[in-house]
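**Student:** Next comes the structure file coords24.cif, holding mmCIF, C-alpha atoms.
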```cif
data_run
loop_
_atom_site.label_atom_id
_atom_site.label_comp_id
_atom_site.auth_asym_id
_atom_site.auth_seq_id
_atom_site.Cartn_x
_atom_site.Cartn_y
_atom_site.Cartn_z
CA MET M 1457 -2.29 8.43 12.07
CA VAL M 1458 -0.09 11.37 11.09
CA ARG M 1459 -2.37 14.36 10.64
CA GLN M 1460 -2.16 17.69 8.80
CA SER M 1461 -4.57 20.51 9.65
CA LEU M 1462 -7.31 21.10 7.11
CA LEU M 1463 -8.14 24.63 8.17
CA ALA M 1464 -5.93 26.13 5.46
CA ALA M 1465 -8.27 25.14 2.65
CA ALA M 1466 -11.99 24.47 2.70
CA THR M 1467 -13.28 21.56 0.68
CA THR M 1468 -16.32 19.36 0.32
CA ALA M 1469 -14.49 16.36 -1.16
CA ILE M 1470 -12.79 13.87 1.17
CA VAL M 1471 -11.22 10.67 -0.16
CA LEU M 1472 -10.45 7.65 2.02
CA ARG M 1473 -8.02 5.11 0.58
CA PHE M 1474 -7.31 1.80 2.29
CA ASP M 1475 -5.28 -1.38 1.87
CA GLY M 1476 -4.40 -4.59 3.73
CA SER M 1477 -1.61 -7.12 3.44
CA LEU M 1478 -0.90 -10.67 4.59
CA ARG M 1479 2.34 -12.65 4.55
CA VAL M 1480 1.52 -16.34 4.60
CA LYS M 1481 3.65 -19.45 5.11
CA HIS M 1482 3.51 -21.75 2.11
CA ARG M 1483 5.13 -24.84 3.59
CA GLN M 1484 2.86 -27.87 3.62
CA SER M 1485 3.96 -28.68 7.18
CA SER M 1486 3.26 -25.27 8.71
CA ARG M 1487 0.93 -23.03 6.79
CA GLY M 1488 -0.45 -19.91 8.39
CA VAL M 1489 -0.28 -16.13 8.56
CA VAL M 1490 3.09 -14.86 9.79
CA ALA M 1491 2.51 -11.11 9.38
CA ALA M 1492 -0.42 -8.83 8.62
CA SER M 1493 -0.79 -5.09 8.25
CA CYS M 1494 -3.25 -2.47 7.10
CA ALA M 1495 -3.09 1.17 6.08
CA ALA M 1496 -5.40 4.09 5.33
CA ALA M 1497 -5.01 7.57 3.86
CA VAL M 1498 -7.46 10.44 4.20
CA LEU M 1499 -7.08 12.97 1.39
CA ARG M 1500 -8.89 16.08 0.20
CA ASN M 1501 -9.56 17.79 -3.13
CA ASP M 1502 -9.77 14.44 -4.96
CA ASP M 1503 -6.42 12.98 -3.83
CA LEU M 1504 -4.44 16.22 -4.26
CA SER M 1505 -3.54 16.75 -0.60
CA ILE M 1506 -2.91 14.29 2.25
CA CYS M 1507 -4.79 14.96 5.48
CA ALA M 1508 -3.65 11.85 7.33
CA LEU M 1509 -1.73 8.67 6.59
CA GLY M 1510 -1.32 5.75 8.94
CA GLY M 1511 -1.12 2.00 9.34
CA ARG M 1512 -0.69 -0.70 11.92
CA SER M 1513 0.30 -4.31 12.36
CA ILE M 1514 -2.55 -6.81 12.76
CA SER M 1515 -2.32 -9.61 15.30
CA THR M 1516 -1.70 -12.94 13.60
CA ASP M 1517 -3.47 -14.70 16.49
CA ILE M 1518 -6.88 -13.73 15.10
CA PRO M 1519 -8.61 -17.02 14.11
CA GLY M 1520 -9.26 -17.32 10.39
CA LEU M 1521 -7.54 -14.05 9.45
CA THR M 1522 -7.82 -13.51 5.69
CA SER M 1523 -6.72 -10.90 3.18
CA GLY M 1524 -10.29 -9.60 3.21
CA GLY M 1525 -10.08 -9.14 6.97
CA ALA M 1526 -6.83 -7.21 6.56
CA GLU M 1527 -8.43 -4.97 3.91
CA TYR M 1528 -11.40 -4.28 6.20
CA SER M 1529 -8.97 -3.36 8.99
CA GLY M 1530 -7.49 -0.66 6.75
CA LEU M 1531 -10.94 0.68 5.87
CA ILE M 1532 -12.00 0.71 9.53
CA LEU M 1533 -8.75 2.45 10.52
CA GLY M 1534 -9.51 5.31 8.13
CA LEU M 1535 -13.17 5.59 9.14
CA GLU M 1536 -12.23 5.66 12.83
CA TYR M 1537 -9.91 8.58 12.14
CA ILE M 1538 -12.66 10.52 10.35
CA GLN M 1539 -15.12 9.75 13.14
CA LYS M 1540 -12.63 10.88 15.79
CA GLN M 1541 -11.97 14.11 13.90
CA GLY M 1542 -15.68 14.75 13.59
CA ASN M 1543 -16.16 14.38 17.33
CA GLY M 1544 -13.01 16.32 18.26
CA SER M 1545 -12.49 19.92 19.27
CA LEU M 1546 -12.15 21.14 15.67
CA GLY M 1547 -15.05 18.96 14.56
CA ILE M 1548 -16.67 18.35 11.23
CA GLU M 1549 -15.85 21.87 10.03
CA GLU M 1550 -12.20 20.82 9.77
CA LEU M 1551 -13.10 18.05 7.36
CA TRP M 1552 -15.97 19.56 5.38
CA SER M 1553 -16.92 23.16 4.81
CA GLN M 1554 -20.46 24.32 4.12
CA GLU M 1555 -20.75 24.67 0.38
CA THR M 1556 -23.74 24.35 -1.89
CA SER M 1557 -22.54 21.15 -3.54
CA GLY M 1558 -22.61 19.30 -0.23
CA PRO M 1559 -19.98 17.21 1.54
CA THR M 1560 -18.82 13.96 -0.03
CA LEU M 1561 -16.80 10.97 1.14
CA THR M 1562 -15.32 8.76 -1.57
CA ILE M 1563 -13.89 5.42 -0.38
CA ARG M 1564 -11.34 3.87 -2.73
CA GLY M 1565 -9.65 0.50 -2.50
CA ASP M 1566 -8.08 -2.11 -4.76
CA CYS M 1567 -9.95 -5.07 -3.24
CA LYS M 1568 -13.04 -5.84 -5.33
CA THR M 1569 -14.49 -8.07 -2.63
CA ILE M 1570 -14.62 -5.28 -0.03
CA ILE M 1571 -15.93 -2.67 -2.47
CA ASP M 1572 -18.67 -5.11 -3.55
CA HIS M 1573 -19.62 -5.74 0.10
CA CYS M 1574 -19.90 -2.01 0.76
CA GLN M 1575 -22.10 -1.59 -2.33
CA GLY M 1576 -24.62 -4.13 -1.08
CA PHE M 1577 -23.40 -7.51 -2.33
CA ALA M 1578 -23.55 -10.57 -0.07
CA VAL M 1579 -20.94 -10.73 2.69
CA PRO M 1580 -19.33 -14.04 3.82
CA ARG M 1581 -20.18 -14.96 7.39
CA LYS M 1582 -16.62 -14.62 8.68
CA LEU M 1583 -16.41 -11.02 7.39
CA ARG M 1584 -19.81 -9.86 8.68
CA PRO M 1585 -18.46 -8.39 11.95
CA GLN M 1586 -16.04 -6.14 10.00
CA LYS M 1587 -18.80 -5.17 7.54
CA THR M 1588 -21.13 -4.30 10.43
CA MET M 1589 -18.43 -2.17 12.06
CA THR M 1590 -17.82 -0.41 8.73
CA THR M 1591 -21.52 0.36 8.31
CA ASP M 1592 -21.83 1.64 11.90
CA LEU M 1593 -18.85 3.98 11.46
CA ILE M 1594 -20.19 5.40 8.18
CA GLN M 1595 -23.62 5.97 9.73
CA SER M 1596 -22.03 7.68 12.73
CA ILE M 1597 -20.09 10.03 10.43
CA GLU M 1598 -23.25 10.74 8.40
CA ARG M 1599 -25.19 11.64 11.55
CA ARG M 1600 -22.42 13.95 12.73
CA VAL M 1601 -22.27 15.77 9.37
CA LYS M 1602 -26.04 16.21 9.40
CA GLU M 1603 -25.97 17.46 12.98
CA VAL M 1604 -23.20 20.02 12.44
CA LEU M 1605 -23.58 21.11 8.83
CA ASN M 1606 -27.27 20.31 8.33
CA GLN M 1607 -26.32 18.63 5.07
CA LYS M 1608 -26.43 15.04 3.86
CA LEU M 1609 -23.05 13.34 3.42
CA GLN M 1610 -22.77 11.65 0.03
CA VAL M 1611 -20.81 8.40 0.42
CA SER M 1612 -19.56 6.45 -2.59
CA PHE M 1613 -17.23 3.50 -3.17
CA GLU M 1614 -14.75 3.08 -6.02
CA LEU M 1615 -12.59 0.15 -7.07
CA VAL M 1616 -9.16 1.33 -8.22
CA PRO M 1617 -6.25 -0.57 -9.82
CA ARG M 1618 -3.52 -1.69 -7.41
CA GLU M 1619 -1.00 0.61 -9.08
CA ASP M 1620 -3.27 3.55 -8.19
CA ASN M 1621 -3.23 2.61 -4.52
CA GLN M 1622 0.53 2.89 -4.02
CA LEU M 1623 0.39 5.16 -0.97
CA CYS M 1624 -1.39 2.66 1.25
CA ASP M 1625 0.42 -0.27 -0.33
CA ALA M 1626 3.78 1.31 0.52
CA MET M 1627 2.67 1.85 4.12
CA CYS M 1628 1.69 -1.84 4.44
CA LYS M 1629 5.08 -2.89 3.04
CA LEU M 1630 6.88 -0.57 5.46
CA ILE M 1631 5.08 -2.17 8.41
CA GLY M 1632 5.89 -5.64 7.06
CA ASN M 1633 9.57 -4.71 6.67
CA ARG M 1634 9.68 -3.51 10.26
CA LYS M 1635 8.25 -6.87 11.31
CA GLU M 1636 11.06 -8.56 9.40
CA GLU M 1637 13.69 -6.37 11.08
CA GLN M 1638 12.23 -7.15 14.50
CA MET M 1639 12.24 -10.90 13.80
CA VAL M 1640 15.85 -10.81 12.55
CA SER M 1641 16.89 -8.91 15.69
CA ASN M 1642 15.09 -11.45 17.91
CA ILE M 1643 16.83 -14.36 16.16
CA GLU M 1644 20.26 -12.74 16.43
CA SER M 1645 19.71 -12.08 20.16
CA SER M 1646 18.57 -15.68 20.63
CA ILE M 1647 21.71 -16.97 18.87
CA ALA M 1648 23.94 -14.87 21.13
CA GLU M 1649 22.13 -16.07 24.26
CA ALA M 1650 22.33 -19.70 23.11
CA GLN M 1651 26.04 -19.41 22.43
CA ALA M 1652 26.69 -17.91 25.88
CA MET M 1653 24.69 -20.72 27.49
CA ALA M 1654 26.39 -23.45 25.43
CA MET M 1655 29.86 -22.15 26.28
CA ARG M 1656 29.08 -22.67 29.97
CA MET M 1657 28.05 -26.29 29.44
CA SER M 1658 30.17 -29.34 28.69
CA PRO M 1659 29.10 -30.84 25.35
CA THR M 1660 29.88 -34.42 26.40
CA THR M 1661 28.71 -34.80 30.00
CA LYS M 1662 25.07 -34.06 29.12
CA LEU M 1663 24.76 -36.86 26.51
CA PRO M 1664 22.96 -40.10 27.47
CA THR M 1665 25.21 -43.12 27.78
CA SER M 1666 22.88 -45.34 25.75
CA ALA M 1667 23.22 -45.12 21.96
CA LYS M 1668 19.47 -45.65 21.61
CA LYS M 1669 18.78 -42.63 23.82
CA ARG M 1670 21.47 -40.53 22.10
CA ARG M 1671 19.70 -41.05 18.76
CA LYS M 1672 16.59 -39.38 20.19
CA PHE M 1673 18.45 -36.74 22.21
CA ARG M 1674 17.78 -33.21 20.92
CA GLN M 1675 18.38 -30.94 23.93
CA SER M 1676 20.50 -27.93 23.03
CA ALA M 1677 20.72 -24.24 23.86
CA PHE M 1678 20.42 -23.61 20.11
CA ALA M 1679 17.02 -25.29 19.82
CA HIS M 1680 15.22 -21.98 20.43
CA PRO M 1681 16.96 -19.85 17.75
CA LEU M 1682 16.63 -22.72 15.26
CA ASP M 1683 12.91 -22.93 16.06
CA LEU M 1684 12.53 -19.17 15.50
CA MET M 1685 14.26 -19.50 12.14
CA SER M 1686 12.05 -22.39 11.14
CA ARG M 1687 8.89 -20.42 11.92
CA ALA M 1688 10.12 -17.29 10.09
CA ASP M 1689 10.20 -18.68 6.57
CA ASN M 1690 10.78 -16.68 3.37
CA SER M 1691 7.27 -15.19 3.53
CA LEU M 1692 8.54 -13.07 6.44
CA ILE M 1693 12.35 -13.00 6.11
CA SER M 1694 13.94 -12.94 2.67
CA THR M 1695 15.88 -16.01 1.52
CA GLU M 1696 19.19 -14.13 1.47
CA LYS M 1697 18.73 -12.87 5.04
CA ARG M 1698 17.71 -16.33 6.27
CA PHE M 1699 20.78 -17.76 4.55
CA GLN M 1700 23.01 -15.32 6.46
CA LEU M 1701 21.21 -16.09 9.73
CA TYR M 1702 21.93 -19.79 9.21
CA LYS M 1703 25.60 -18.92 8.72
CA HIS M 1704 25.55 -16.94 11.97
CA VAL M 1705 24.07 -19.80 13.95
CA ALA M 1706 26.49 -22.24 12.26
CA ARG M 1707 29.46 -20.17 13.37
CA ALA M 1708 28.09 -19.95 16.93
CA ILE M 1709 27.54 -23.73 17.03
CA LEU M 1710 31.06 -24.49 15.81
CA ASP M 1711 32.56 -22.02 18.31
CA SER M 1712 30.52 -23.65 21.10
CA ASP M 1713 31.36 -27.21 19.98
CA ASP M 1714 27.72 -28.22 20.54
CA CYS M 1715 27.37 -31.59 18.81
CA VAL M 1716 23.59 -31.80 19.34
CA ALA M 1717 23.14 -28.34 17.81
CA SER M 1718 25.23 -29.41 14.80
CA LEU M 1719 22.87 -32.31 14.25
CA LEU M 1720 19.78 -30.08 14.70
CA LEU M 1721 21.16 -27.48 12.30
CA GLY M 1722 21.95 -30.10 9.68
CA GLU M 1723 18.49 -31.67 9.91
CA GLN M 1724 16.78 -28.29 9.63
CA LEU M 1725 18.94 -27.06 6.77
CA ARG M 1726 18.36 -30.26 4.85
CA SER M 1727 14.57 -29.96 5.24
CA GLU M 1728 14.66 -26.36 3.95
CA SER M 1729 17.37 -26.64 1.30
CA LYS M 1730 14.90 -26.80 -1.62
CA GLU M 1731 13.29 -23.54 -0.52
CA MET M 1732 16.59 -21.79 0.05
CA LEU M 1733 18.42 -22.04 -3.25
CA VAL M 1734 20.40 -18.80 -3.07
CA PHE M 1735 21.79 -16.99 -6.10
CA GLY M 1736 25.50 -17.60 -6.52
CA HIS M 1737 25.54 -21.02 -4.83
CA SER M 1738 25.53 -24.47 -6.39
CA LYS M 1739 22.29 -26.40 -5.92
CA ASP M 1740 24.31 -29.06 -4.08
CA ASP M 1741 26.10 -26.67 -1.70
CA LEU M 1742 23.30 -26.24 0.81
CA PRO M 1743 22.21 -29.92 0.97
CA ALA M 1744 25.89 -30.88 1.29
CA THR M 1745 26.40 -28.33 4.08
CA ALA M 1746 23.37 -29.71 5.89
CA LEU M 1747 24.62 -33.28 5.58
CA LEU M 1748 28.10 -32.34 6.76
CA PHE M 1749 26.71 -30.68 9.87
CA GLU M 1750 24.60 -33.77 10.54
CA LEU M 1751 27.62 -36.03 10.12
CA ASP M 1752 29.72 -33.80 12.38
CA GLY M 1753 27.04 -33.96 15.06
CA LEU M 1754 26.53 -37.71 14.80
CA ARG M 1755 30.26 -38.44 15.05
CA LYS M 1756 30.74 -36.17 18.05
CA MET M 1757 27.75 -37.86 19.69
CA ASN M 1758 29.56 -41.17 19.13
CA LEU M 1759 26.93 -42.46 16.70
CA GLN M 1760 29.39 -43.73 14.13
CA GLU M 1761 27.08 -46.30 12.54
CA ASP M 1762 24.40 -43.68 11.95
CA ALA M 1763 26.98 -41.34 10.44
CA LEU M 1764 28.29 -44.05 8.12
CA ALA M 1765 24.75 -44.94 6.98
CA LEU M 1766 23.94 -41.28 6.26
CA GLU M 1767 27.19 -40.83 4.35
CA ARG M 1768 26.53 -43.89 2.18
CA LYS M 1769 22.95 -42.82 1.47
CA HIS M 1770 24.02 -39.38 0.22
CA ARG M 1771 27.41 -40.19 -1.29
CA HIS M 1772 26.30 -38.70 -4.64
CA ILE M 1773 26.09 -35.27 -2.93
CA LEU M 1774 29.02 -35.66 -0.57
CA GLY M 1775 31.47 -37.07 -3.12
CA LYS M 1776 33.01 -33.76 -4.11
CA TYR M 1777 33.33 -32.44 -0.56
CA ASP M 1778 36.39 -34.27 0.74
CA ARG M 1779 37.62 -31.94 3.47
CA GLN M 1780 34.36 -31.83 5.35
CA LEU M 1781 35.29 -29.79 8.42
CA ASP M 1782 37.04 -27.18 6.28
CA PHE M 1783 33.90 -26.82 4.15
CA ILE M 1784 31.44 -26.33 6.99
CA SER M 1785 33.87 -24.01 8.75
CA ALA M 1786 34.11 -21.91 5.58
CA PHE M 1787 30.31 -21.81 5.38
CA ALA M 1788 30.06 -20.54 8.96
CA GLN M 1789 32.89 -18.02 8.69
CA SER M 1790 31.40 -16.46 5.53
CA ALA M 1791 28.50 -14.97 7.51
CA THR M 1792 27.93 -11.27 6.91
CA VAL M 1793 25.82 -8.64 8.66
CA VAL M 1794 22.10 -9.32 8.11
#
```
Could you quickly redo this structure as structure tokens?
**Tutor:**
Amino acid sequence: MVRQSLLAAATTAIVLRFDGSLRVKHRQSSRGVVAASCAAAVLRNDDLSICALGGRSISTDIPGLTSGGAEYSGLILGLEYIQKQGNGSLGIEELWSQETSGPTLTIRGDCKTIIDHCQGFAVPRKLRPQKTMTTDLIQSIERRVKEVLNQKLQVSFELVPREDNQLCDAMCKLIGNRKEEQMVSNIESSIAEAQAMAMRMSPTTKLPTSAKKRRKFRQSAFAHPLDLMSRADNSLISTEKRFQLYKHVARAILDSDDCVASLLLGEQLRSESKEMLVFGHSKDDLPATALLFELDGLRKMNLQEDALALERKHRHILGKYDRQLDFISAFAQSATVV
């Protein structure tokens, strides 16, 4: 956590604010947490001056991670900072001065569940480890204050509206945005690597000779970036950015002449087209683009009957897109910087 020295002004009032955030997939086929973060702020003089502000990303591999768990992580982050300061070289005197009114620690958050837990209400089983850790940290700080200042630390908990917790909320959003930037960078690198690999391979010699096997064949250098894009849905990467990433991979696939990747891209775009209706585009543009990529892939894989069947099934969408290759090429070439 970024820290500012407290020696300049003595105070008995310390405020700890905390927050937690989850970004969750909402697809029926692949629900789950894709990003989590927490933040804490230690302030003095009743929120008038920041002593420390920090946050961190939370591992999404934690089983059963919930929004309550993320909120507890923010609270624990702040308490750990106070405990560390109390045991450091400057010690408790840096946080609390000896005044007649006695030292106080006010803990404020916008999550009613966590505030209720800390005030003695029942705690769900899956959150008990975090509640126990919170209690242990508070007791440790209380003992240290008593030992150094010979005064009792008054600890209280307050529920505040979300709009009054903007400092920690902004820190959580900043961490989430950095996660998005990292994921976009990883996808772009994966697209570049896939394109380099595909350019070194012949698109026809690797295909099975049997039509039955070609229908099931899905091996492509672009499988990895497409998988990354599928897992990073709009809960992590905004719809507009994902739309541009799909244009990037489309351009790379066309430049590489990878027929299997064209089919994979079309199938994936078609499955996500309802979620990715982008402002400024017709509701039929994305499904049509997906179908045209599928048709392009099927024809290049010499699966003409499958292509004809797909075209007949979706003729109501494809009817107005006569020059198919020109349309998908225009889609790919319109990619902009993400």
**Student:** Kindly resolve the PyMOL selection byres ((chain M and resi 1615-1623) around 8) on the present coordinates and return the residues as a list in words.
**Tutor:**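 This file, filtered by the PyMOL selection byres ((chain M and resi 1615-1623) around 8), leaves Arg1473, Phe1474, Asp1475, Ala1497, Arg1564, Gly1565, Asp1566, Cys1567, Lys1568, Ile1571, Phe1613, Glu1614, Cys1624, Asp1625, Ala1626 and Met1627 of chain M.
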**Student:** Expressed in Å to a single decimal, how great is the separation between CA of Asp1762 in chain M and CA of Lys1672 in chain M?
**Tutor:**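 Distance reported for this atom pair: 12.1 Å.
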**Student:** Using Å and a single decimal, report how far CA of Gly1525 in chain M sits from CA of Ser1513 in chain M.
**Tutor:**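 Computing the Euclidean distance for CA of Ser1513 in chain M and CA of Gly1525 in chain M yields 12.7 Å.
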**Student:** Could you check how far CA of Leu1742 in chain M sits from CA of Leu1725 in chain M, in Å to one decimal?
**Tutor:** 7.4 Å
**Student:** Using only C-alpha atoms, determine which residues lie at most 9 Å from Ile1570 in chain M, disregarding the query and same-chain residues fewer than 4 positions distant; provide the list as a PyMOL selection string.
**Tutor:** chain M and resi 1524+1527-1528+1565-1566+1574-1575+1579+1587
**Student:** Calculated over only C-alpha atoms, which of the candidates M:Ile1643, M:Ala1508, M:Ala1744, M:Ala1495 has the smallest distance to Arg1726 in chain M?
**Tutor:**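 Nearest candidate to Arg1726 in chain M out of M:Ile1643, M:Ala1508, M:Ala1744, M:Ala1495: M:Ala1744.
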**Student:** Given the choices M:Ser1712, M:Arg1768, M:Pro1559, M:Gln1724, which gets closest to Leu1684 in chain M if the distance is worked out from only C-alpha atoms?
**Tutor:** M:Gln1724
**Student:** Kindly add all heavy atoms to the incomplete range 1557-1567 of chain M and provide the output as a PDB file, in the frame of the given file.
**Tutor:**
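Wrote part-v9.pdb, looks like this:
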```
ATOM      1  N   SER M1557     -22.572  22.475  -2.915  1.00  0.00           N
ATOM      2  CA  SER M1557     -22.540  21.150  -3.540  1.00  0.00           C
ATOM      3  C   SER M1557     -22.679  20.035  -2.526  1.00  0.00           C
ATOM      4  O   SER M1557     -22.997  18.906  -2.891  1.00  0.00           O
ATOM      5  CB  SER M1557     -21.234  20.981  -4.323  1.00  0.00           C
ATOM      6  OG  SER M1557     -20.125  21.132  -3.458  1.00  0.00           O
ATOM      7  N   GLY M1558     -22.450  20.310  -1.263  1.00  0.00           N
ATOM      8  CA  GLY M1558     -22.610  19.300  -0.230  1.00  0.00           C
ATOM      9  C   GLY M1558     -21.369  18.470  -0.010  1.00  0.00           C
ATOM     10  O   GLY M1558     -20.563  18.273  -0.919  1.00  0.00           O
ATOM     11  N   PRO M1559     -21.180  17.989   1.210  1.00  0.00           N
ATOM     12  CA  PRO M1559     -19.980  17.210   1.540  1.00  0.00           C
ATOM     13  C   PRO M1559     -20.038  15.806   0.952  1.00  0.00           C
ATOM     14  O   PRO M1559     -21.103  15.187   0.886  1.00  0.00           O
ATOM     15  CB  PRO M1559     -20.005  17.170   3.078  1.00  0.00           C
ATOM     16  CG  PRO M1559     -21.450  17.295   3.428  1.00  0.00           C
ATOM     17  CD  PRO M1559     -22.068  18.173   2.379  1.00  0.00           C
ATOM     18  N   THR M1560     -18.890  15.305   0.524  1.00  0.00           N
ATOM     19  CA  THR M1560     -18.820  13.960  -0.030  1.00  0.00           C
ATOM     20  C   THR M1560     -17.672  13.182   0.605  1.00  0.00           C
ATOM     21  O   THR M1560     -16.659  13.758   0.999  1.00  0.00           O
ATOM     22  CB  THR M1560     -18.592  13.987  -1.563  1.00  0.00           C
ATOM     23  OG1 THR M1560     -17.321  14.572  -1.843  1.00  0.00           O
ATOM     24  CG2 THR M1560     -19.688  14.781  -2.264  1.00  0.00           C
ATOM     25  N   LEU M1561     -17.842  11.888   0.688  1.00  0.00           N
ATOM     26  CA  LEU M1561     -16.800  10.970   1.140  1.00  0.00           C
ATOM     27  C   LEU M1561     -16.685   9.853   0.110  1.00  0.00           C
ATOM     28  O   LEU M1561     -17.628   9.074  -0.080  1.00  0.00           O
ATOM     29  CB  LEU M1561     -17.132  10.390   2.519  1.00  0.00           C
ATOM     30  CG  LEU M1561     -16.218   9.266   3.022  1.00  0.00           C
ATOM     31  CD1 LEU M1561     -14.774   9.757   3.154  1.00  0.00           C
ATOM     32  CD2 LEU M1561     -16.714   8.708   4.353  1.00  0.00           C
ATOM     33  N   THR M1562     -15.559   9.795  -0.576  1.00  0.00           N
ATOM     34  CA  THR M1562     -15.320   8.760  -1.570  1.00  0.00           C
ATOM     35  C   THR M1562     -14.332   7.750  -0.992  1.00  0.00           C
ATOM     36  O   THR M1562     -13.229   8.117  -0.587  1.00  0.00           O
ATOM     37  CB  THR M1562     -14.739   9.355  -2.864  1.00  0.00           C
ATOM     38  OG1 THR M1562     -15.622  10.376  -3.346  1.00  0.00           O
ATOM     39  CG2 THR M1562     -14.577   8.279  -3.924  1.00  0.00           C
ATOM     40  N   ILE M1563     -14.725   6.493  -0.940  1.00  0.00           N
ATOM     41  CA  ILE M1563     -13.890   5.420  -0.380  1.00  0.00           C
ATOM     42  C   ILE M1563     -13.327   4.599  -1.527  1.00  0.00           C
ATOM     43  O   ILE M1563     -14.081   4.031  -2.315  1.00  0.00           O
ATOM     44  CB  ILE M1563     -14.707   4.548   0.583  1.00  0.00           C
ATOM     45  CG1 ILE M1563     -15.192   5.394   1.764  1.00  0.00           C
ATOM     46  CG2 ILE M1563     -13.875   3.365   1.076  1.00  0.00           C
ATOM     47  CD1 ILE M1563     -16.125   4.667   2.700  1.00  0.00           C
ATOM     48  N   ARG M1564     -12.007   4.551  -1.614  1.00  0.00           N
ATOM     49  CA  ARG M1564     -11.340   3.870  -2.730  1.00  0.00           C
ATOM     50  C   ARG M1564     -10.421   2.774  -2.222  1.00  0.00           C
ATOM     51  O   ARG M1564      -9.637   2.986  -1.299  1.00  0.00           O
ATOM     52  CB  ARG M1564     -10.532   4.877  -3.559  1.00  0.00           C
ATOM     53  CG  ARG M1564     -11.393   5.880  -4.304  1.00  0.00           C
ATOM     54  CD  ARG M1564     -10.584   6.943  -4.989  1.00  0.00           C
ATOM     55  NE  ARG M1564     -11.450   7.857  -5.740  1.00  0.00           N
ATOM     56  CZ  ARG M1564     -11.122   9.074  -6.121  1.00  0.00           C
ATOM     57  NH1 ARG M1564      -9.908   9.537  -5.824  1.00  0.00           N
ATOM     58  NH2 ARG M1564     -11.973   9.829  -6.788  1.00  0.00           N
ATOM     59  N   GLY M1565     -10.514   1.619  -2.834  1.00  0.00           N
ATOM     60  CA  GLY M1565      -9.650   0.500  -2.500  1.00  0.00           C
ATOM     61  C   GLY M1565      -9.418  -0.374  -3.705  1.00  0.00           C
ATOM     62  O   GLY M1565     -10.155  -0.298  -4.700  1.00  0.00           O
ATOM     63  N   ASP M1566      -8.387  -1.236  -3.619  1.00  0.00           N
ATOM     64  CA  ASP M1566      -8.080  -2.110  -4.760  1.00  0.00           C
ATOM     65  C   ASP M1566      -8.592  -3.527  -4.566  1.00  0.00           C
ATOM     66  O   ASP M1566      -8.245  -4.418  -5.339  1.00  0.00           O
ATOM     67  CB  ASP M1566      -6.576  -2.121  -5.039  1.00  0.00           C
ATOM     68  CG  ASP M1566      -5.761  -2.555  -3.827  1.00  0.00           C
ATOM     69  OD1 ASP M1566      -6.304  -3.275  -2.976  1.00  0.00           O
ATOM     70  OD2 ASP M1566      -4.578  -2.179  -3.739  1.00  0.00           O
ATOM     71  N   CYS M1567      -9.389  -3.748  -3.509  1.00  0.00           N
ATOM     72  CA  CYS M1567      -9.950  -5.070  -3.240  1.00  0.00           C
ATOM     73  C   CYS M1567     -11.413  -5.106  -3.680  1.00  0.00           C
ATOM     74  O   CYS M1567     -12.281  -4.490  -3.049  1.00  0.00           O
ATOM     75  CB  CYS M1567      -9.833  -5.406  -1.744  1.00  0.00           C
ATOM     76  SG  CYS M1567     -10.503  -7.019  -1.308  1.00  0.00           S
TER      77      CYS M1567
END
```
